[in-house]
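Asks: This is final_34.cif, which holds mmCIF, C-alpha atoms:
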```cif
data_structure
#
loop_
_atom_site.label_atom_id
_atom_site.label_comp_id
_atom_site.auth_asym_id
_atom_site.auth_seq_id
_atom_site.Cartn_x
_atom_site.Cartn_y
_atom_site.Cartn_z
CA MET A 19 51.64 -58.56 2.93
CA GLN A 20 49.43 -58.18 6.00
CA PRO A 21 45.81 -57.00 5.63
CA ALA A 22 45.44 -53.36 6.61
CA ALA A 23 44.09 -52.62 10.07
CA ARG A 24 40.58 -51.23 10.14
CA THR A 25 41.70 -48.00 11.80
CA ASN A 26 43.38 -45.41 9.63
CA LEU A 27 43.22 -47.68 6.59
CA ALA A 28 44.99 -45.38 4.16
CA GLU A 29 48.05 -44.88 6.40
CA THR A 30 48.25 -48.58 7.16
CA ALA A 31 48.02 -49.37 3.44
CA ILE A 32 50.79 -46.86 2.75
CA ASP A 33 52.99 -48.41 5.44
CA ASN A 34 52.36 -51.94 4.17
CA ILE A 35 53.06 -51.16 0.53
CA ARG A 36 56.14 -49.11 1.48
CA ALA A 37 57.43 -52.05 3.56
CA GLU A 38 57.07 -54.36 0.56
CA ILE A 39 59.04 -51.91 -1.58
CA ILE A 40 61.81 -51.39 0.99
CA THR A 41 62.22 -55.16 1.50
CA ASN A 42 62.60 -55.49 -2.28
CA ARG A 43 59.53 -57.61 -2.87
CA TRP A 44 59.18 -55.64 -6.07
CA PRO A 45 62.61 -54.56 -7.43
CA ILE A 46 63.18 -51.07 -8.81
CA GLY A 47 61.63 -50.84 -12.26
CA GLU A 48 59.12 -53.65 -11.66
CA ARG A 49 55.39 -53.08 -12.01
CA ILE A 50 53.48 -53.60 -8.78
CA PRO A 51 50.16 -55.51 -8.67
CA ASN A 52 47.19 -53.61 -10.00
CA GLU A 53 44.69 -51.74 -7.86
CA ALA A 54 42.28 -54.67 -7.54
CA ALA A 55 45.02 -57.13 -6.55
CA LEU A 56 46.44 -54.75 -3.93
CA ALA A 57 42.96 -54.17 -2.52
CA ASP A 58 42.55 -57.94 -2.07
CA MET A 59 46.00 -58.30 -0.47
CA LEU A 60 45.34 -55.50 2.00
CA GLY A 61 41.67 -56.15 2.58
CA VAL A 62 40.73 -52.57 1.76
CA SER A 63 38.78 -50.75 -0.92
CA ARG A 64 40.28 -49.81 -4.26
CA GLY A 65 39.81 -46.17 -3.27
CA THR A 66 42.08 -46.70 -0.23
CA VAL A 67 44.68 -48.36 -2.45
CA ARG A 68 44.42 -45.49 -4.92
CA GLU A 69 45.11 -42.98 -2.11
CA ALA A 70 48.03 -45.03 -0.79
CA VAL A 71 49.60 -45.25 -4.25
CA ARG A 72 49.11 -41.50 -4.76
CA VAL A 73 51.02 -40.76 -1.54
CA LEU A 74 53.82 -43.19 -2.41
CA VAL A 75 54.15 -41.60 -5.86
CA ALA A 76 54.45 -38.19 -4.20
CA GLN A 77 57.12 -39.57 -1.84
CA GLY A 78 59.14 -40.89 -4.78
CA PHE A 79 58.72 -44.61 -4.10
CA LEU A 80 56.42 -45.30 -7.05
CA GLU A 81 55.92 -43.94 -10.55
CA THR A 82 52.68 -44.19 -12.50
CA LYS A 83 52.89 -44.61 -16.26
CA GLN A 84 49.72 -43.79 -18.14
CA GLY A 85 48.23 -46.88 -19.74
CA SER A 86 50.97 -49.13 -18.38
CA GLY A 87 50.68 -49.34 -14.61
CA THR A 88 52.56 -48.33 -11.47
CA TYR A 89 56.24 -49.12 -11.10
CA VAL A 90 58.78 -49.07 -8.27
CA ARG A 91 60.94 -45.99 -8.62
CA SER A 92 63.00 -46.05 -5.41
CA ILE A 93 63.42 -48.12 -2.26
CA SER A 94 64.19 -45.07 -0.11
CA ASN A 95 62.21 -41.96 0.74
CA PRO A 96 63.94 -38.94 -0.83
CA ASP A 97 62.11 -36.61 1.56
CA GLU A 98 63.73 -38.30 4.54
CA SER A 99 67.15 -38.06 2.90
CA LEU A 100 66.65 -34.34 2.27
CA LEU A 101 65.56 -33.78 5.86
CA ARG A 102 68.72 -35.49 7.07
CA ILE A 103 70.76 -33.16 4.83
CA ARG A 104 69.05 -30.15 6.39
CA ARG A 105 70.21 -31.33 9.80
CA THR A 106 73.87 -31.39 8.77
CA GLY A 107 76.30 -28.69 9.88
CA LEU A 108 76.92 -25.44 8.04
CA ARG A 109 80.44 -26.53 7.05
CA ASP A 110 79.06 -29.65 5.35
CA GLN A 111 76.45 -27.61 3.52
CA VAL A 112 78.95 -25.00 2.32
CA GLU A 113 81.28 -27.75 1.09
CA THR A 114 78.38 -29.31 -0.79
CA ARG A 115 77.43 -25.96 -2.28
CA CYS A 116 81.04 -25.57 -3.42
CA ALA A 117 81.05 -29.02 -5.02
CA LEU A 118 77.80 -28.30 -6.86
CA GLU A 119 78.91 -24.89 -8.14
CA VAL A 120 82.34 -26.16 -9.22
CA GLU A 121 80.80 -28.99 -11.22
CA ALA A 122 78.11 -26.69 -12.61
CA ALA A 123 80.73 -24.24 -13.86
CA ARG A 124 82.73 -27.08 -15.40
CA LEU A 125 79.69 -28.32 -17.32
CA ALA A 126 78.62 -24.79 -18.22
CA ALA A 127 82.01 -24.18 -19.85
CA MET A 128 81.31 -27.10 -22.17
CA ARG A 129 77.64 -26.38 -22.84
CA HIS A 130 77.12 -22.63 -22.68
CA THR A 131 75.75 -20.49 -25.47
CA PRO A 132 76.39 -16.78 -26.16
CA GLU A 133 72.91 -16.10 -24.80
CA VAL A 134 73.79 -17.80 -21.49
CA ILE A 135 76.94 -15.70 -21.10
CA ALA A 136 74.97 -12.53 -21.88
CA GLU A 137 72.38 -13.48 -19.26
CA LEU A 138 75.06 -14.09 -16.62
CA ARG A 139 76.68 -10.72 -17.32
CA GLN A 140 73.29 -9.02 -17.16
CA LEU A 141 72.41 -10.68 -13.84
CA LEU A 142 75.74 -9.64 -12.36
CA ALA A 143 75.31 -6.07 -13.60
CA GLU A 144 71.83 -5.90 -12.08
CA ARG A 145 73.18 -7.17 -8.78
CA GLY A 146 75.97 -4.59 -8.72
CA GLU A 147 77.97 -3.79 -5.61
CA TYR A 148 76.48 -4.27 -2.16
CA ASN A 149 74.47 -1.41 -0.72
CA ALA A 150 72.85 -1.74 2.70
CA SER A 151 69.80 0.19 1.51
CA ARG A 152 68.94 -2.66 -0.87
CA HIS A 153 70.15 -5.54 1.27
CA ASP A 154 67.31 -7.99 0.60
CA LEU A 155 67.25 -7.28 -3.13
CA TYR A 156 71.01 -7.70 -3.34
CA VAL A 157 70.84 -11.13 -1.64
CA GLU A 158 68.03 -12.15 -3.99
CA GLN A 159 69.94 -11.01 -7.09
CA ASP A 160 73.17 -12.66 -5.96
CA LEU A 161 71.34 -15.94 -5.46
CA ALA A 162 69.76 -15.53 -8.91
CA PHE A 163 73.24 -15.19 -10.41
CA HIS A 164 74.51 -18.38 -8.79
CA LYS A 165 71.36 -20.27 -9.78
CA ALA A 166 71.89 -19.12 -13.36
CA VAL A 167 75.45 -20.49 -13.31
CA VAL A 168 74.10 -23.84 -12.14
CA ALA A 169 71.30 -23.73 -14.73
CA ALA A 170 73.95 -23.18 -17.42
CA SER A 171 75.29 -26.65 -16.61
CA GLY A 172 72.30 -28.16 -18.42
CA ASN A 173 72.22 -30.91 -15.79
CA PHE A 174 68.67 -31.01 -14.45
CA ALA A 175 69.47 -33.30 -11.53
CA LEU A 176 72.22 -30.92 -10.41
CA ILE A 177 69.85 -27.96 -10.79
CA GLU A 178 67.24 -29.65 -8.58
CA VAL A 179 69.79 -30.51 -5.88
CA TYR A 180 71.11 -26.94 -5.92
CA GLU A 181 67.56 -25.64 -5.61
CA PHE A 182 67.21 -27.67 -2.43
CA PHE A 183 70.34 -25.99 -1.06
CA SER A 184 69.13 -22.52 -2.06
CA VAL A 185 67.87 -21.74 1.45
CA SER A 186 71.29 -22.53 2.89
CA THR A 187 72.99 -20.66 0.03
CA GLN A 188 70.87 -17.59 0.70
CA GLU A 189 71.86 -17.64 4.37
CA ILE A 190 75.54 -17.89 3.39
CA ILE A 191 75.12 -14.88 1.08
CA ARG A 192 73.52 -12.93 3.93
CA ALA A 193 76.47 -13.84 6.15
CA THR A 194 78.98 -12.62 3.55
CA VAL A 195 77.30 -9.26 2.95
CA THR A 196 77.04 -8.57 6.69
CA GLY A 197 80.74 -9.27 7.15
CA GLU A 198 80.43 -12.55 9.05
CA LEU A 199 82.08 -14.34 6.12
CA PRO A 200 84.24 -12.88 3.31
CA GLU A 201 82.23 -11.60 0.34
CA PRO A 202 83.74 -12.32 -3.08
CA ASP A 203 83.83 -9.05 -5.05
CA MET A 204 82.47 -8.22 -8.49
CA ALA A 205 85.76 -9.21 -10.10
CA ALA A 206 85.57 -12.69 -8.54
CA HIS A 207 82.03 -13.14 -9.87
CA ALA A 208 83.00 -11.82 -13.30
CA ALA A 209 85.95 -14.23 -13.35
CA ILE A 210 83.52 -17.16 -13.16
CA ILE A 211 81.65 -15.85 -16.20
CA ASP A 212 84.88 -15.32 -18.12
CA ALA A 213 86.07 -18.83 -17.24
CA ILE A 214 82.79 -20.35 -18.45
CA ALA A 215 82.90 -18.25 -21.61
CA SER A 216 86.44 -19.52 -22.32
CA GLY A 217 85.05 -23.00 -22.91
CA ASP A 218 87.76 -24.46 -20.69
CA PRO A 219 86.06 -26.73 -18.12
CA ASP A 220 89.16 -27.02 -15.92
CA ARG A 221 89.56 -23.24 -15.77
CA ALA A 222 85.87 -22.81 -14.92
CA ALA A 223 86.06 -25.38 -12.13
CA SER A 224 89.29 -23.93 -10.73
CA THR A 225 87.97 -20.36 -10.81
CA THR A 226 84.82 -21.35 -8.97
CA ARG A 227 86.80 -23.31 -6.39
CA THR A 228 89.00 -20.26 -5.83
CA PHE A 229 85.86 -18.13 -5.48
CA MET A 230 84.55 -20.36 -2.66
CA ALA A 231 87.91 -20.91 -0.89
CA PRO A 232 87.93 -17.77 1.32
CA ILE A 233 84.45 -18.57 2.62
CA LEU A 234 85.48 -22.10 3.56
CA ILE A 235 88.71 -20.94 5.19
CA GLU A 236 86.95 -18.32 7.30
CA LEU A 237 84.21 -20.74 8.23
CA ASP A 238 86.85 -23.22 9.45
CA ARG A 239 88.44 -20.48 11.53
CA LEU A 240 85.14 -19.49 13.10
CA LEU A 241 84.17 -23.06 13.90
CA ALA A 242 87.60 -23.73 15.46
CA SER A 243 87.49 -20.66 17.72
#
```
Translate the structure described by the file into structure tokens.

Replies:
Amino acid sequence: MQPAARTNLAETAIDNIRAEIITNRWPIGERIPNEAALADMLGVSRGTVREAVRVLVAQGFLETKQGSGTYVRSISNPDESLLRIRRTGLRDQVETRCALEVEAARLAAMRHTPEVIAELRQLLAERGEYNASRHDLYVEQDLAFHKAVVAASGNFALIEVYEFFSVSTQEIIRATVTGELPEPDMAAHAAIIDAIASGDPDRAASTTRTFMAPILIELDRLLAS
């Protein structure tokens, strides 16, 4: 590890520690040297090291365990990966949304409770049919319904990934209600709830895939024209 340059010490310390992580000097799960040792390696103050570690924890590279130390959590920056996802095409994002919702419905069929089914029915009833006079509220309520389906999966990693896609999902919903893409009707939404309530994971996955199919088909047609 090279001593940090005297200009912009914190950023240089961040870059140096990140480089050590990426090159696997400290494997995932290993505790990195303590604050004092890192300060000596980098030739900076412990305060600068503390700031560098704080940033790398926020970026997902490191994880601090109270009373134990700081450990390597990842050798890649999740923020950069998410930014690359945002730059992908609409077709890729819709396909990913479909994959997430299909798997969420499959898991929800296995893990749902009567309370979850009641909540889904209530959210769908509140959303109702589309009315231009309540356009923004409708989009918000439709997104809330789909998020609730994903939440019913009980898979927190899947929920977090879907949350990241929620901006894209909201734009897709806007496109369906304005007629740019086909809008699944109330019956199609209710069918997802019924499939989850059945407890049959294959039925839930198939119903959700069928729900998304017209959107994907029309999107392919638009992109090909």

Asks: Return as a list in words the set of residues that the PyMOL selection byres ((chain A and resi 147) around 9) yields on the displayed structure.

Replies: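 That expression, the PyMOL selection byres ((chain A and resi 147) around 9), corresponds here to Ala143, Arg145, Gly146, Tyr148, Asn149, Tyr156, Asp203 and Met204 of chain A.
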
Asks: Please evaluate the PyMOL selection byres ((chain A and resi 169-173) around 12) against the structure above and give the resulting residues as a VMD selection string.

Replies: chain A and resid 118 to 138 162 to 168 174 to 181 211 214 to 215 219 222 to 223

Asks: Select, from A:Arg109, A:His207, A:Arg91, A:Arg192, the residue with the minimum atom-to-atom distance to Leu142 (chain A), counting all atoms listed in the file.

Replies: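 Counting all atoms listed in the file, the residue closest to Leu142 (chain A) is A:His207.
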
Asks: For CA of Arg115 (chain A) and CA of Gly78 (chain A), quote the distance in Å rounded to one decimal.

Replies: 23.7 Å

Asks: Just want the 10 Å neighbourhood of Gly47 (chain A), counted on only C-alpha atoms, with same-chain residues fewer than 4 positions away dropped. Output as a compact mmCIF listing (two decimals) with C-alpha atoms, in the coordinates of the input.

Replies:
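And here is the file that came out, around-v8.txt:
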```txt
# COMPACT_ATOMS: atom_id res chain seq x y z
CA LEU A 80 56.42 -45.30 -7.05
CA GLU A 81 55.92 -43.94 -10.55
CA THR A 88 52.56 -48.33 -11.47
CA TYR A 89 56.24 -49.12 -11.10
CA VAL A 90 58.78 -49.07 -8.27
CA ARG A 91 60.94 -45.99 -8.62
CA SER A 92 63.00 -46.05 -5.41
```

Asks: Check the smallest atom-to-atom distance from each of A:Leu240, A:Leu27, A:Leu155, A:Ala205 to Ala70 (chain A) using all atoms listed in the file, then report the winner.

Replies: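 Among A:Leu240, A:Leu27, A:Leu155, A:Ala205, it is A:Leu27 that comes nearest to Ala70 (chain A).
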
Asks: Mind listing whatever residues come within 10 Å of the point (51.2, -49.5, -9.9)? Use only C-alpha atoms, file coordinates, and give them as a PyMOL selection string.

Replies: chain A and resi 48-53+56+67-68+71-72+75+80-83+86-90

Asks: Residues picked by the PyMOL selection byres ((chain A and resi 198) around 12) here, as a list in words?

Replies: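 So the PyMOL selection byres ((chain A and resi 198) around 12), applied here, picks out Glu189, Ile190, Ile191, Arg192, Ala193, Thr194, Val195, Thr196, Gly197, Leu199, Pro200, Glu201, Pro232, Ile233, Glu236, Leu237, Arg239 and Leu240 of chain A.
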
Asks: Taking all atoms listed in the file into account, which of A:Glu144, A:Gly65, A:Leu108, A:Thr41 comes nearest Asp238 (chain A)?

Replies: A:Leu108

Asks: Of the residues A:Leu141, A:Leu241, A:Ala57, A:Leu161, which is the one nearest to Ile35 (chain A), using only C-alpha atoms?

Replies: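 Looking only at the distances to Ile35 (chain A), the closest residue turns out to be A:Ala57.
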
Asks: Nearest to Ser224 (chain A) among A:Ala117, A:Ala28, A:Ile40, A:Val157, with distances taken over all atoms listed in the file: which residue is it?

Replies: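 Smallest separation from Ser224 (chain A) among the options: A:Ala117.
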
Asks: Give me, please, the distance in Å between CA of Gly61 (chain A) and CA of Asn26 (chain A), quoted to one decimal.

Replies: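 Between CA of Gly61 (chain A) and CA of Asn26 (chain A) the gap is 13.0 Å.
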